[in-house]
Every structure is written in structure tokens, then in C-alpha cells.
Amino acid sequence: MTVENPKKLGFGLMRLPKRGVGIDIKQTSQMVDLFMEAGCTYFDTAHVYLGSESAARKALVERYPRESYTLATKLYAPSAPTRNSALKQFETSLKRTGAGYVDYYLLHSLMGNNVGKYERMQLWDYVADLKARGLVRHVGFSFHDGPELLDRLLTQHPEVGFVQLQINYEDWESPSVTSRANYEVARAHDKKIVVMEPVKGGRLANPPAKVRELLRAYNPQASYASWAIRFAASLEGILCVLSGMSNVDQMQDNLSYMRDFQPLNAEERAVLREAQQKLGASPAIPCTSCQYCTKGCPMHINIPGVFAAMNSRLLDGAIEQASAAYAEATADGGLASDCISCGQCERACPQHIPIIEQLKRCAGTLEG
């Protein structure tokens, strides 16, 4: 039986601490121990997260009884050239994790430009069969598109038990991410929701100065990340809120307020409404550093690194810092101006950023 998730915090294994070029298993194990000791049980990885599934085996599966935690992983059709290679992702995930079965199995990062591939490869039927065979306990999908497509998918596939959505207070009313609208569609279909990107790839852990001032004025002891994660966890129907923690300090901070979670009160909700208004005027590029755009870039441009450097310039006016960050981001790859406008990055981007246009903007600002 799948253990019920007793806490609202989930451990996202996408941004684990590094040691050299690999994952720091010792520190990851420390984080797993803290997480489990706090009564949290939900771990989220994916076939396409480099080294993550193997790290889950070493830091979690080999060290804890299988019934004491829940493990989620994902099948990503866009990286599979054939149906057989797509099906083998599950076999590979089982081998890497050593978990024996998967508690929550997701079709990964569904968008308008790739749902057809999942359908042509008959992957909905495949994951249903995995569940029927007892290899998967719950079937769902992660989603990066609008409410119309989400409603269609949930109508066509009522067998889906949960959906993973990008929800955070900055994107709640975003016309491109449509967090609120997607949340309401999922709830209308009575689906449990796993929240991803609650701190938007770390951006809301260090928001723009005006937002930092606002949050500090109300509660100087609360971390900026705590506001973002508690916003998502306070919504109804949330199975868990994933946090892609990268070190022990981040784990300890998250557990400090999620071990005994208290929903936002009326005053705190009002503070975040004001923060949303301030973020609405933000010139930042809404990149979450997921790295999906970089995998097929023929010019090997570190697009998230370039955008992070640009955001440093846009948000804080840090000209020298932005120049140094840009030099570091382009040290081992192409410049923003090297973009050949092939468009593969935009097809992969779950945030629907006009990357080609933004790279031209970055080139004009950071290479001048």
C-alpha cells in the first residue's frame, strides 16, 4: 500500500547539491534524514533529471523501509524517438531507483506541442496498464499549458488521479502560466494537485527589492521562500508542494514552518496580494532554470545562466554583477548573440518564454 503523505511538503530531487560534476550523496542523505524525521514522505524525481533517480536509490531507497515513503517519477515522451524507447524509461527508472514500484507515476511536462506524441505512442494506455499490474500506485501528469487543454485532458482521461501544476503567488494571475485557472480546472475535476515551482526556480526565495521590503516589514523572521511555499500549501486540494532543495540550510528552513504547517491568515494573504501587484510591474524574464531549453541548443548557449545575469541587471540595477554573471554563464558555451533562431528552446520551454527575442535583448544589453 502507498503510504499517505502526512505533510504538505514534498522533496523535489531536480536541484540536488553537487559535489564536483555529480550529486553530493552525503549531503543529500542528510537532507533525506531531516525530511523523514519531520514526518514528510513525498519524493519527486524523473527519468530526465540527470543523476536524480540513482541519488534517490542511494540516499533514500537503500536506507529506509519501502513502505515509509512515497516516490514519484516521470516518463518524458519528447526525449524518446520511438514508442519502445519511451516504454523503456519506466524500466530504467525502476532499475535506477531500486524501488520495486512507483507510488506516483507521471506523464511529464504536457503542453500543446507534445500531447499528440503521448497519444500517438499510446502512453496513456501504457501507464494504466502499469497501474493494473501493481507497478504503479497512482497515475497523473505534469502540465505546462492553459486551462482549455487541461480541461480536455482531464475529461478524456478521468482515470488520472492527480495533476502536477506550476502554482506560485507571482504566476497566480499570469496570462501565460495561468496558475489560478489551471488550479480551478483541476479542482472542478476533483483531482488532487501536486504543486511544482512554488518559488519559481528560486526567484521567490530572493524576490525583487520592493517585495523583500514588503515581506520583511510584516514578518522579519520569515524567509522569503516560506511565503511562497505557504501560499501554495494553503490552497484546498493540495497533495503536496514540491521544493527543489539544494542544501541542508534550505531543508531546515522549509521544515521550520512546514513541519507544523499553518495556512496563511487574512493579513498574510493581503500582504501577498500587494506583493503580486508589485511583481506585476517586474521586468524580469520569468525563467525557472529548468534547463529544458539547453539540451538541444546547437550553439550550446547557457540560456538560464544568461537570463539570470540579465535579471540581475533588470531587477537590481547591478551592472557589474550582471556583467560578471554573464561572463561566467558564457565561459563554456555560446554567447546570447550566437543564437541562430532555430526555435528548439521555445518548443521545450514550459514557461513559454519568447527565448529568441529575449536572447537578442540580452545580447544588446550584456554584450554592449
# chains A, B, ... in the order shown; residues from 1 in each chain; ligands from 1
>>> select_by_dssp(residues="region 11-130 of chain A", states="strand (DSSP E or B)", output="list in words")
Phe11, Gly12, Lys18, Arg19, Gly22, Ile23, Tyr42, Phe43, Asp44, Thr70, Leu71, Ala72, Thr73, Lys74, Leu75, Val102, Asp103, Tyr104, Tyr105, Leu106, Leu107, His108, Ser109 and Leu110 of chain A
>>> write_last_selection(atoms="N, CA and C atoms", output="PDB file, in the first residue's frame")
ATOM      1  N   PHE A  11       9.739  16.743  -1.377  1.00  0.00           N
ATOM      2  CA  PHE A  11      11.148  16.955  -1.679  1.00  0.00           C
ATOM      3  C   PHE A  11      11.361  16.740  -3.171  1.00  0.00           C
ATOM      4  N   GLY A  12      11.561  17.846  -3.906  1.00  0.00           N
ATOM      5  CA  GLY A  12      11.859  17.763  -5.324  1.00  0.00           C
ATOM      6  C   GLY A  12      13.334  17.476  -5.540  1.00  0.00           C
ATOM      7  N   LYS A  18      25.516  19.505  -5.397  1.00  0.00           N
ATOM      8  CA  LYS A  18      26.540  18.926  -6.254  1.00  0.00           C
ATOM      9  C   LYS A  18      27.866  18.763  -5.504  1.00  0.00           C
ATOM     10  N   ARG A  19      28.594  17.744  -5.910  1.00  0.00           N
ATOM     11  CA  ARG A  19      29.967  17.532  -5.455  1.00  0.00           C
ATOM     12  C   ARG A  19      30.784  17.250  -6.708  1.00  0.00           C
ATOM     13  N   GLY A  22      29.088  15.613 -10.047  1.00  0.00           N
ATOM     14  CA  GLY A  22      27.992  14.731  -9.681  1.00  0.00           C
ATOM     15  C   GLY A  22      27.205  15.242  -8.496  1.00  0.00           C
ATOM     16  N   ILE A  23      26.248  14.443  -8.055  1.00  0.00           N
ATOM     17  CA  ILE A  23      25.402  14.803  -6.919  1.00  0.00           C
ATOM     18  C   ILE A  23      26.103  14.425  -5.619  1.00  0.00           C
ATOM     19  N   TYR A  42       7.062  12.500   0.725  1.00  0.00           N
ATOM     20  CA  TYR A  42       6.884  12.539  -0.731  1.00  0.00           C
ATOM     21  C   TYR A  42       8.180  12.996  -1.403  1.00  0.00           C
ATOM     22  N   PHE A  43       8.732  12.130  -2.274  1.00  0.00           N
ATOM     23  CA  PHE A  43       9.953  12.428  -3.014  1.00  0.00           C
ATOM     24  C   PHE A  43       9.629  12.398  -4.505  1.00  0.00           C
ATOM     25  N   ASP A  44      10.127  13.416  -5.229  1.00  0.00           N
ATOM     26  CA  ASP A  44       9.786  13.578  -6.643  1.00  0.00           C
ATOM     27  C   ASP A  44      11.056  13.611  -7.492  1.00  0.00           C
ATOM     28  N   THR A  70       6.898   7.759  -0.121  1.00  0.00           N
ATOM     29  CA  THR A  70       6.293   7.662  -1.454  1.00  0.00           C
ATOM     30  C   THR A  70       7.248   8.273  -2.468  1.00  0.00           C
ATOM     31  N   LEU A  71       7.338   7.614  -3.620  1.00  0.00           N
ATOM     32  CA  LEU A  71       8.274   8.039  -4.659  1.00  0.00           C
ATOM     33  C   LEU A  71       7.516   8.327  -5.947  1.00  0.00           C
ATOM     34  N   ALA A  72       7.774   9.496  -6.509  1.00  0.00           N
ATOM     35  CA  ALA A  72       7.194   9.885  -7.795  1.00  0.00           C
ATOM     36  C   ALA A  72       8.304   9.988  -8.830  1.00  0.00           C
ATOM     37  N   THR A  73       8.055   9.477 -10.032  1.00  0.00           N
ATOM     38  CA  THR A  73       8.959   9.708 -11.145  1.00  0.00           C
ATOM     39  C   THR A  73       8.133   9.849 -12.422  1.00  0.00           C
ATOM     40  N   LYS A  74       8.807  10.094 -13.555  1.00  0.00           N
ATOM     41  CA  LYS A  74       8.077  10.573 -14.727  1.00  0.00           C
ATOM     42  C   LYS A  74       8.617   9.984 -16.028  1.00  0.00           C
ATOM     43  N   LEU A  75       7.717   9.905 -17.001  1.00  0.00           N
ATOM     44  CA  LEU A  75       8.033   9.484 -18.362  1.00  0.00           C
ATOM     45  C   LEU A  75       7.929  10.696 -19.270  1.00  0.00           C
ATOM     46  N   VAL A 102       6.500   2.238  -8.239  1.00  0.00           N
ATOM     47  CA  VAL A 102       6.435   3.696  -8.166  1.00  0.00           C
ATOM     48  C   VAL A 102       5.087   4.089  -7.595  1.00  0.00           C
ATOM     49  N   ASP A 103       5.091   4.947  -6.590  1.00  0.00           N
ATOM     50  CA  ASP A 103       3.838   5.370  -5.968  1.00  0.00           C
ATOM     51  C   ASP A 103       3.055   6.330  -6.862  1.00  0.00           C
ATOM     52  N   TYR A 104       3.748   7.304  -7.439  1.00  0.00           N
ATOM     53  CA  TYR A 104       3.103   8.314  -8.288  1.00  0.00           C
ATOM     54  C   TYR A 104       3.882   8.393  -9.605  1.00  0.00           C
ATOM     55  N   TYR A 105       3.252   7.959 -10.699  1.00  0.00           N
ATOM     56  CA  TYR A 105       3.926   7.963 -11.997  1.00  0.00           C
ATOM     57  C   TYR A 105       3.252   8.977 -12.896  1.00  0.00           C
ATOM     58  N   LEU A 106       4.061   9.865 -13.486  1.00  0.00           N
ATOM     59  CA  LEU A 106       3.530  10.975 -14.262  1.00  0.00           C
ATOM     60  C   LEU A 106       3.994  10.939 -15.704  1.00  0.00           C
ATOM     61  N   LEU A 107       3.082  11.244 -16.638  1.00  0.00           N
ATOM     62  CA  LEU A 107       3.467  11.675 -17.958  1.00  0.00           C
ATOM     63  C   LEU A 107       3.939  13.111 -17.797  1.00  0.00           C
ATOM     64  N   HIS A 108       5.127  13.396 -18.320  1.00  0.00           N
ATOM     65  CA  HIS A 108       5.860  14.588 -17.884  1.00  0.00           C
ATOM     66  C   HIS A 108       5.743  15.769 -18.840  1.00  0.00           C
ATOM     67  N   SER A 109       5.464  16.942 -18.262  1.00  0.00           N
ATOM     68  CA  SER A 109       5.536  18.233 -18.950  1.00  0.00           C
ATOM     69  C   SER A 109       4.658  18.302 -20.195  1.00  0.00           C
ATOM     70  N   LEU A 110       3.374  17.975 -20.034  1.00  0.00           N
ATOM     71  CA  LEU A 110       2.444  18.025 -21.153  1.00  0.00           C
ATOM     72  C   LEU A 110       2.153  19.463 -21.558  1.00  0.00           C
TER      73      LEU A 110
END
>>> closest_atom_pairs(of="region 147-256 of chain A", to="region 278-282 of chain A", cutoff="12 Å", atoms="only C-alpha atoms", output="CSV")
residue,atom,partner,partner_atom,distance
A:Asn168,CA,A:Leu279,CA,11.9
A:Tyr169,CA,A:Leu279,CA,9.4
A:Glu170,CA,A:Leu279,CA,6.6
A:Asp171,CA,A:Gly280,CA,9.3
A:Trp172,CA,A:Gly280,CA,10.7
A:Glu173,CA,A:Gly280,CA,9.3
A:Ser174,CA,A:Gly280,CA,8.7
A:Pro175,CA,A:Gly280,CA,11.1
A:Arg203,CA,A:Leu279,CA,11.2
A:Leu204,CA,A:Leu279,CA,10.2
A:Pro207,CA,A:Leu279,CA,8.7
A:Pro208,CA,A:Leu279,CA,7.9
A:Ala209,CA,A:Lys278,CA,10.1
A:Lys210,CA,A:Lys278,CA,7.2
A:Val211,CA,A:Lys278,CA,6.8
A:Arg212,CA,A:Lys278,CA,10.6
A:Glu213,CA,A:Lys278,CA,11.2
A:Leu214,CA,A:Lys278,CA,9.6
A:Leu215,CA,A:Lys278,CA,11.7
>>> select_by_dssp(residues="region 100-224 of chain A", states="alpha helix (DSSP H)", output="PyMOL selection string")
chain A and resi 115-120+123-132+147-156+179-188+209-218+224
>>> residues_around(residues="Ala77 (chain A)", least_positions_apart="5", cutoff="12 Å", atoms="only C-alpha atoms", output="PyMOL selection string")
chain A and resi 47-48+82-90+106-111+113-124+141+348
>>> residues_around(residues="Gln351 (chain A)", least_positions_apart="3", cutoff="8 Å", atoms="only C-alpha atoms", output="list in words")
His144, Ser176, Val177, Pro286, Cys287 and Thr288 of chain A
>>> closest_residue(among="A:Glu328, A:Glu274, A:Glu67, A:Glu367", to="Pro304 (chain A)", atoms="only C-alpha atoms")
A:Glu328
